[in-house]
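S.K.: I am attaching a structure below and will ask some questions about it afterwards.
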Amino acid sequence: MDITIRAIRPADEARLAEIIRASIEEFDVPKEGTAYTDPTTDRLYTLFQTPGSHYWVVEAGGHLLGGCGVYPTEGLPDGCAELVRFFLDAQARGKGLGSRLMEMTFDTARELGYRQLYLESFPEMKAAVRLYERAGFYHVPEALGNSGHYACNVWMVKDL
């Protein structure tokens with residue numbers, strides 16, 4: 001399979017929003033207070049024009065399979081950004097694509113000058129939480145920053 005990881009383009013927005021919302025439905029986690037109802041989910045290309053941010057997408061055979069980004073979420077500690085909108089289409093999971101996307105995002109975060117990454121998730125997303133733990137994220141007792149995703153109840157940080 002021919003895999004391409006590239007920066008987000010305007011034409012990617014609708015498919016990425018579809019993948020994000022389908023994943024949230026699949027794991028039966030709250031919709032309110034998550035990326036599901038966040039209006040920026042429909043405008044990811046625009047969102048990631050923010051200085052200090054970047055979003056990578058992965059494609060196979062010209063089909064968009066998901067993405068992962070780094071974003072300077074308001075209220076995070078100095079030198080910390082958020083790993084955001086990390087979602088893969090169900091058929092793309094378990095093939096190492098998530099690890100590749102995350103590693104590229106880590107490299108980008110370092111290039112942007114960040115020393116830590118923060119993320120929010122759910123215990124129902126067990127495979128994702130295990131992936132984060134294997135990548136060096138550790139659990140923290142409360143939410144950091146002002147993501148607006150108040151329903152998330154797993155909070156993790158990684159030192160870069």
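Each chain in the structure tokens gets a letter, A, B, ..., in the order shown, and its residues are numbered from 1; ligands are numbered from 1 in order too.
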Apply DSSP to the backbone of this structure and, from chain A, keep only the residues in helix (DSSP H, G or I); write these as a PyMOL selection string.

M.R.: chain A and resi 10-26+39-47+90-92+97-111+126-134

S.K.: Determine, counting only C-alpha atoms, which protein, DNA and RNA residues have an atom within 12 Å of an atom of segment 75-79 of chain A; residues of the same chain fewer than 4 positions away are not included. Present the result as number ranges by chain.

M.R.: A: 52, 71, 83, 109-119, 143-148, 157-160

S.K.: Contacts of Thr108 of chain A at 8 Å or less, counting only C-alpha atoms, minus same-chain residues fewer than 4 places along, as a PyMOL selection string?

M.R.: chain A and resi 54+70+104+112

S.K.: Leaving out segment 85-93 of chain A and any residue of its chain fewer than 3 positions from it, which residues lie within 8 Å of it when counting only C-alpha atoms, given as a list of chain:residue names?

M.R.: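 Final neighbour list, sorted by chain and number: A:Ile19, A:Ile20, A:Ser23, A:Ala35, A:Leu65, A:Gly66, A:Gly67, A:Cys68, A:Gly69, A:Gly96, A:Leu97, A:Gly98.
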
S.K.: Just C-alpha atoms for this one: save the residues we selected as a compact mmCIF listing (two decimals), in the first residue's frame.

M.R.:
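See part-v1.txt below for the written result:
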# COMPACT_ATOMS: atom_id res chain seq x y z
CA ILE A 19 -13.53 10.41 10.35
CA ILE A 20 -13.48 12.29 13.67
CA SER A 23 -14.69 7.53 15.60
CA ALA A 35 -14.33 17.39 18.95
CA LEU A 65 -7.36 7.87 6.34
CA GLY A 66 -6.95 10.37 9.19
CA GLY A 67 -4.64 12.87 10.76
CA CYS A 68 -2.89 14.27 13.80
CA GLY A 69 -1.95 17.78 14.79
CA GLY A 96 1.37 1.36 12.44
CA LEU A 97 0.00 4.46 10.72
CA GLY A 98 -0.93 6.10 14.03

S.K.: For the atom pair atom CA of Ser99 of chain A and atom CA of Val129 of chain A, what is the interatomic distance in Å to one decimal place?

M.R.: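 Atom CA of Ser99 of chain A sits 12.3 Å away from atom CA of Val129 of chain A.
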
S.K.: Please list as a tab-separated table (two decimals) with C-alpha atoms, in the first residue's frame every residue within 12 Å of Arg100 of chain A, counting only C-alpha atoms and excluding residues in the same chain fewer than 5 positions away.

M.R.:
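Result saved to around-v3.tsv:
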chain	number	residue	atom	x	y	z
A	3	ILE	CA	1.22	5.58	2.15
A	4	THR	CA	1.64	9.35	2.03
A	5	ILE	CA	1.85	11.63	5.06
A	6	ARG	CA	1.47	15.28	4.14
A	56	TRP	CA	-0.51	16.01	9.24
A	57	VAL	CA	-2.82	13.73	7.25
A	58	VAL	CA	-2.22	10.18	6.08
A	66	GLY	CA	-6.95	10.37	9.19
A	67	GLY	CA	-4.64	12.87	10.76
A	68	CYS	CA	-2.89	14.27	13.80
A	86	PHE	CA	-5.64	12.45	16.25
A	88	LEU	CA	-7.84	7.34	12.02
A	93	ARG	CA	-5.99	1.32	12.70
A	94	GLY	CA	-3.56	-1.36	13.87
A	95	LYS	CA	-1.22	-0.96	10.89
A	105	THR	CA	3.83	15.31	15.05
A	106	PHE	CA	6.42	14.95	17.84
A	107	ASP	CA	9.17	16.04	15.43
A	131	LEU	CA	-0.48	3.89	22.11
A	135	ALA	CA	4.94	6.75	23.11

S.K.: Need the shell around Pro141 of chain A: protein/DNA/RNA residues with any atom at most 10 Å away, counting only C-alpha atoms. Skip same-chain ones fewer than 6 positions apart. Format as a list in words?

M.R.: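 The residues satisfying every condition are Asn153, Val154, Trp155 and Met156 of chain A.
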
S.K.: So which residues of chain A fall under strand (DSSP E) by DSSP, listed as a PyMOL selection string?

M.R.: chain A and resi 3-7+54-60+63-71+80-88+116-121+138-139+154-159

S.K.: Any chance you can output those residues with N, CA and C atoms as a short mmCIF file (atom, residue, chain, number, x, y, z; two decimals), in the first residue's frame?

M.R.:
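Result file is selection_2.cif:
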data_model
loop_
_atom_site.label_atom_id
_atom_site.label_comp_id
_atom_site.auth_asym_id
_atom_site.auth_seq_id
_atom_site.Cartn_x
_atom_site.Cartn_y
_atom_site.Cartn_z
N ILE A 3 1.60 4.68 1.06
CA ILE A 3 1.22 5.58 2.15
C ILE A 3 1.89 6.93 1.95
N THR A 4 1.11 7.99 2.09
CA THR A 4 1.64 9.35 2.03
C THR A 4 1.21 10.08 3.29
N ILE A 5 2.16 10.74 3.94
CA ILE A 5 1.85 11.63 5.06
C ILE A 5 2.23 13.02 4.59
N ARG A 6 1.26 13.93 4.66
CA ARG A 6 1.47 15.28 4.14
C ARG A 6 0.70 16.28 5.00
N ALA A 7 0.98 17.56 4.78
CA ALA A 7 0.26 18.63 5.47
C ALA A 7 -1.19 18.69 4.99
N HIS A 54 0.37 22.77 13.45
CA HIS A 54 0.56 22.01 12.20
C HIS A 54 -0.32 20.77 12.27
N TYR A 55 -0.83 20.35 11.11
CA TYR A 55 -1.66 19.14 11.05
C TYR A 55 -1.19 18.26 9.90
N TRP A 56 -0.92 17.01 10.22
CA TRP A 56 -0.51 16.01 9.24
C TRP A 56 -1.70 15.12 8.91
N VAL A 57 -1.82 14.72 7.65
CA VAL A 57 -2.82 13.73 7.25
C VAL A 57 -2.10 12.54 6.62
N VAL A 58 -2.76 11.39 6.70
CA VAL A 58 -2.22 10.18 6.08
C VAL A 58 -3.20 9.72 5.02
N GLU A 59 -2.63 9.34 3.85
CA GLU A 59 -3.43 8.83 2.74
C GLU A 59 -2.84 7.51 2.27
N ALA A 60 -3.70 6.68 1.73
CA ALA A 60 -3.26 5.44 1.08
C ALA A 60 -4.03 5.35 -0.23
N HIS A 63 -6.71 7.88 -0.81
CA HIS A 63 -7.83 7.95 0.14
C HIS A 63 -7.33 8.47 1.48
N LEU A 64 -7.97 9.50 1.98
CA LEU A 64 -7.61 10.10 3.26
C LEU A 64 -8.04 9.16 4.39
N LEU A 65 -7.10 8.82 5.27
CA LEU A 65 -7.36 7.87 6.34
C LEU A 65 -7.40 8.48 7.73
N GLY A 66 -6.93 9.73 7.87
CA GLY A 66 -6.95 10.37 9.19
C GLY A 66 -5.86 11.40 9.31
N GLY A 67 -5.65 11.85 10.54
CA GLY A 67 -4.64 12.87 10.76
C GLY A 67 -4.33 13.08 12.22
N CYS A 68 -3.36 13.97 12.46
CA CYS A 68 -2.89 14.27 13.80
C CYS A 68 -2.24 15.64 13.77
N GLY A 69 -2.51 16.45 14.79
CA GLY A 69 -1.95 17.78 14.79
C GLY A 69 -1.36 18.21 16.12
N VAL A 70 -0.64 19.32 16.05
CA VAL A 70 -0.11 19.98 17.24
C VAL A 70 -0.68 21.39 17.22
N TYR A 71 -1.16 21.84 18.39
CA TYR A 71 -1.84 23.13 18.44
C TYR A 71 -1.51 23.85 19.75
N CYS A 80 4.41 24.18 26.12
CA CYS A 80 3.54 23.00 25.95
C CYS A 80 2.49 23.31 24.89
N ALA A 81 2.27 22.36 24.01
CA ALA A 81 1.19 22.44 23.02
C ALA A 81 0.33 21.20 23.17
N GLU A 82 -0.77 21.15 22.45
CA GLU A 82 -1.67 20.01 22.54
C GLU A 82 -1.58 19.15 21.29
N LEU A 83 -1.54 17.84 21.49
CA LEU A 83 -1.68 16.87 20.40
C LEU A 83 -3.19 16.76 20.16
N VAL A 84 -3.64 17.16 18.98
CA VAL A 84 -5.08 17.29 18.76
C VAL A 84 -5.56 16.58 17.51
N ARG A 85 -6.86 16.29 17.53
CA ARG A 85 -7.58 15.71 16.40
C ARG A 85 -6.84 14.53 15.79
N PHE A 86 -6.35 13.66 16.69
CA PHE A 86 -5.64 12.45 16.25
C PHE A 86 -6.67 11.35 16.10
N PHE A 87 -7.11 11.15 14.87
CA PHE A 87 -8.12 10.15 14.56
C PHE A 87 -7.76 9.45 13.26
N LEU A 88 -8.01 8.13 13.24
CA LEU A 88 -7.84 7.34 12.02
C LEU A 88 -9.14 6.64 11.70
N GLN A 116 6.87 20.08 25.62
CA GLN A 116 5.90 19.10 26.09
C GLN A 116 4.69 19.09 25.17
N LEU A 117 4.02 17.94 25.14
CA LEU A 117 2.73 17.82 24.47
C LEU A 117 1.71 17.31 25.48
N TYR A 118 0.52 17.83 25.39
CA TYR A 118 -0.60 17.46 26.25
C TYR A 118 -1.69 16.88 25.34
N LEU A 119 -2.47 15.94 25.85
CA LEU A 119 -3.61 15.44 25.09
C LEU A 119 -4.76 15.10 26.01
N GLU A 120 -5.94 15.01 25.41
CA GLU A 120 -7.15 14.62 26.12
C GLU A 120 -7.80 13.46 25.37
N SER A 121 -8.34 12.51 26.13
CA SER A 121 -8.95 11.33 25.51
C SER A 121 -10.02 10.77 26.45
N TYR A 138 2.37 10.31 29.94
CA TYR A 138 2.01 9.88 31.28
C TYR A 138 0.74 10.62 31.70
N HIS A 139 -0.02 9.97 32.57
CA HIS A 139 -1.30 10.53 33.01
C HIS A 139 -1.08 11.68 33.99
N VAL A 154 -9.50 11.67 30.32
CA VAL A 154 -8.13 11.16 30.36
C VAL A 154 -7.26 12.30 29.89
N TRP A 155 -6.28 12.67 30.73
CA TRP A 155 -5.38 13.76 30.41
C TRP A 155 -3.95 13.24 30.52
N MET A 156 -3.14 13.52 29.52
CA MET A 156 -1.78 12.97 29.46
C MET A 156 -0.80 14.03 28.96
N VAL A 157 0.46 13.87 29.37
CA VAL A 157 1.53 14.78 28.95
C VAL A 157 2.73 13.95 28.53
N LYS A 158 3.46 14.45 27.55
CA LYS A 158 4.71 13.84 27.11
C LYS A 158 5.78 14.91 27.10
N ASP A 159 6.93 14.59 27.68
CA ASP A 159 8.09 15.46 27.60
C ASP A 159 8.80 15.17 26.29
#

S.K.: Could you check how far atom CA of Gly61 of chain A sits from atom CA of Asp2 of chain A, in Å to one decimal?

M.R.: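 These two atoms are separated by 5.8 Å.
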
S.K.: What does the structure give for the distance between atom CA of Gly33 of chain A and atom CA of Glu18 of chain A, in Å to one decimal?

M.R.: 17.3 Å
